[in-house]
Amino acid sequence: MFIAIRDRALSVDEALAHVSHPGAGGLSLFVGVVRDENEGRPVSALEYQAYESMAQAEMGRIAADLEREFAGVRLAALHRVGRLAVGDVAVVCAAGAAHRAEAFAACRALIDRIKANVPIWKREWGPEGPHWVGWVDARCGGGDEGGHGHAHDQGHGHEHARDHGHEHAHGHEHAHGHEHARRAAGGGAG
């Protein structure tokens, strides 16, 4: 397994090199890319922040669990932190297995579990300024205004990638606006 959190560009080739081996007849790759809109609003950039030591440890635990669940699979996951522009790669997950079914399933489980459990937070930048995605201020009563004079986005970005994914034929899914509801409680990943 290979796990990394970086403040510089991620390499798809590096991830594939870590999961390739002579017995791997199937390689599966997920690449999350920053897109230019979320829920109908323009987006100019994303900013990811992480509790890096905890995020690295949790990503390692997830990968180790999956390597036990999918015998013979090798996994790699790389996640960006810092400010990313539209088109930048935010996350790369790769799986190598004897057969494609195991590679696909392990890669899918890897990105889903990273997004659900790893302490990486996302701030979205657009014409209205920055705002945190998937985070709700506990001081707010949960209503439209929460009794303090400002409105709240009803969606809060808590969609699952499989429900609202923007997957393209070339295998890239935008790493934007597909947050797990757990994020509102302080968890979740990019």
# chains A, B, ... in the order shown; residues from 1 in each chain; ligands from 1
$ residues_around --residues "A:Ala77" --least-positions-apart "3" --cutoff "12 Å" --atoms "only C-alpha atoms" --output "number ranges by chain"
A: 1-6, 10-19, 28-32, 55-56, 58-64, 74, 80, 90-95, 106-115, 118
$ atom_distance --atom1 "atom CA of A:Ala98" --atom2 "atom CA of A:His79"
25.4 Å
$ closest_residue --among "A:Ala57, A:Ala45, A:Ala116, A:Ala24" --to "A:Arg83" --atoms "only C-alpha atoms"
A:Ala45
$ select_by_dssp --residues "stretch 45-121 of chain A" --states "strand (DSSP E or B)" --output "PyMOL selection string"
chain A and resi 45-50+74-80+82-85+89-97+120-121
$ write_last_selection --atoms "N, CA and C atoms" --output "compact mmCIF listing (two decimals), in the first residue's frame"
# COMPACT_ATOMS: atom_id res chain seq x y z
N ALA A 45 -11.95 27.92 -7.35
CA ALA A 45 -10.87 27.17 -6.70
C ALA A 45 -11.44 26.39 -5.52
N LEU A 46 -10.68 25.40 -5.08
CA LEU A 46 -10.97 24.68 -3.85
C LEU A 46 -9.74 24.76 -2.97
N GLU A 47 -9.97 24.74 -1.67
CA GLU A 47 -8.88 24.69 -0.72
C GLU A 47 -9.13 23.50 0.21
N TYR A 48 -8.15 22.62 0.31
CA TYR A 48 -8.25 21.48 1.20
C TYR A 48 -7.33 21.69 2.39
N GLN A 49 -7.85 21.40 3.58
CA GLN A 49 -7.05 21.41 4.80
C GLN A 49 -7.20 20.06 5.47
N ALA A 50 -6.16 19.64 6.14
CA ALA A 50 -6.18 18.32 6.79
C ALA A 50 -5.49 18.38 8.13
N ARG A 74 -3.51 -4.56 -4.26
CA ARG A 74 -2.59 -3.51 -3.79
C ARG A 74 -3.27 -2.17 -4.02
N LEU A 75 -3.12 -1.26 -3.05
CA LEU A 75 -3.80 0.03 -3.11
C LEU A 75 -2.83 1.20 -2.97
N ALA A 76 -3.21 2.30 -3.58
CA ALA A 76 -2.48 3.56 -3.43
C ALA A 76 -3.50 4.68 -3.37
N ALA A 77 -3.24 5.67 -2.50
CA ALA A 77 -4.11 6.85 -2.41
C ALA A 77 -3.25 8.08 -2.15
N LEU A 78 -3.48 9.10 -2.94
CA LEU A 78 -2.78 10.38 -2.78
C LEU A 78 -3.84 11.47 -2.71
N HIS A 79 -3.70 12.40 -1.77
CA HIS A 79 -4.67 13.49 -1.62
C HIS A 79 -3.93 14.80 -1.52
N ARG A 80 -4.44 15.82 -2.20
CA ARG A 80 -3.86 17.16 -2.15
C ARG A 80 -4.38 17.92 -0.95
N GLY A 82 -4.11 22.28 0.37
CA GLY A 82 -3.78 23.60 -0.15
C GLY A 82 -4.82 24.05 -1.15
N ARG A 83 -4.49 25.13 -1.86
CA ARG A 83 -5.43 25.71 -2.82
C ARG A 83 -5.23 25.09 -4.20
N LEU A 84 -6.34 24.67 -4.80
CA LEU A 84 -6.32 24.02 -6.12
C LEU A 84 -7.20 24.81 -7.08
N ALA A 85 -6.76 24.93 -8.31
CA ALA A 85 -7.52 25.61 -9.35
C ALA A 85 -8.41 24.61 -10.07
N VAL A 89 -5.82 18.10 -10.04
CA VAL A 89 -6.14 16.80 -9.45
C VAL A 89 -6.12 16.93 -7.93
N ALA A 90 -7.24 16.54 -7.30
CA ALA A 90 -7.38 16.63 -5.84
C ALA A 90 -7.09 15.31 -5.15
N VAL A 91 -7.41 14.20 -5.78
CA VAL A 91 -7.22 12.89 -5.17
C VAL A 91 -7.00 11.84 -6.26
N VAL A 92 -6.13 10.89 -5.96
CA VAL A 92 -5.89 9.76 -6.85
C VAL A 92 -5.97 8.49 -6.01
N CYS A 93 -6.80 7.55 -6.45
CA CYS A 93 -6.87 6.23 -5.82
C CYS A 93 -6.62 5.19 -6.90
N ALA A 94 -5.83 4.19 -6.58
CA ALA A 94 -5.53 3.14 -7.55
C ALA A 94 -5.56 1.79 -6.86
N ALA A 95 -5.95 0.78 -7.62
CA ALA A 95 -5.97 -0.60 -7.12
C ALA A 95 -5.44 -1.52 -8.20
N GLY A 96 -4.63 -2.48 -7.79
CA GLY A 96 -4.14 -3.52 -8.68
C GLY A 96 -4.54 -4.87 -8.12
N ALA A 97 -5.14 -5.70 -8.97
CA ALA A 97 -5.61 -7.02 -8.54
C ALA A 97 -5.48 -8.00 -9.70
N ILE A 120 -10.14 15.53 6.22
CA ILE A 120 -9.72 16.50 5.23
C ILE A 120 -10.94 17.36 4.94
N TRP A 121 -10.78 18.68 5.02
CA TRP A 121 -11.90 19.60 4.85
C TRP A 121 -11.70 20.45 3.62
$ select_by_dssp --residues "stretch 10-83 of chain A" --states "alpha helix (DSSP H)" --output "JSON, numbers by chain"
{"A": [12, 13, 14, 15, 16, 17, 18, 19, 52, 53, 54, 55, 56, 57, 58, 59, 60, 61, 62, 63, 64, 65, 66, 67, 68, 69]}
$ closest_residue --among "A:Val43, A:Ser20, A:Leu27, A:Glu102" --to "A:Arg123" --atoms "only C-alpha atoms"
A:Val43
$ atom_distance --atom1 "atom CA of A:Pro22" --atom2 "atom CA of A:Arg100"
14.3 Å
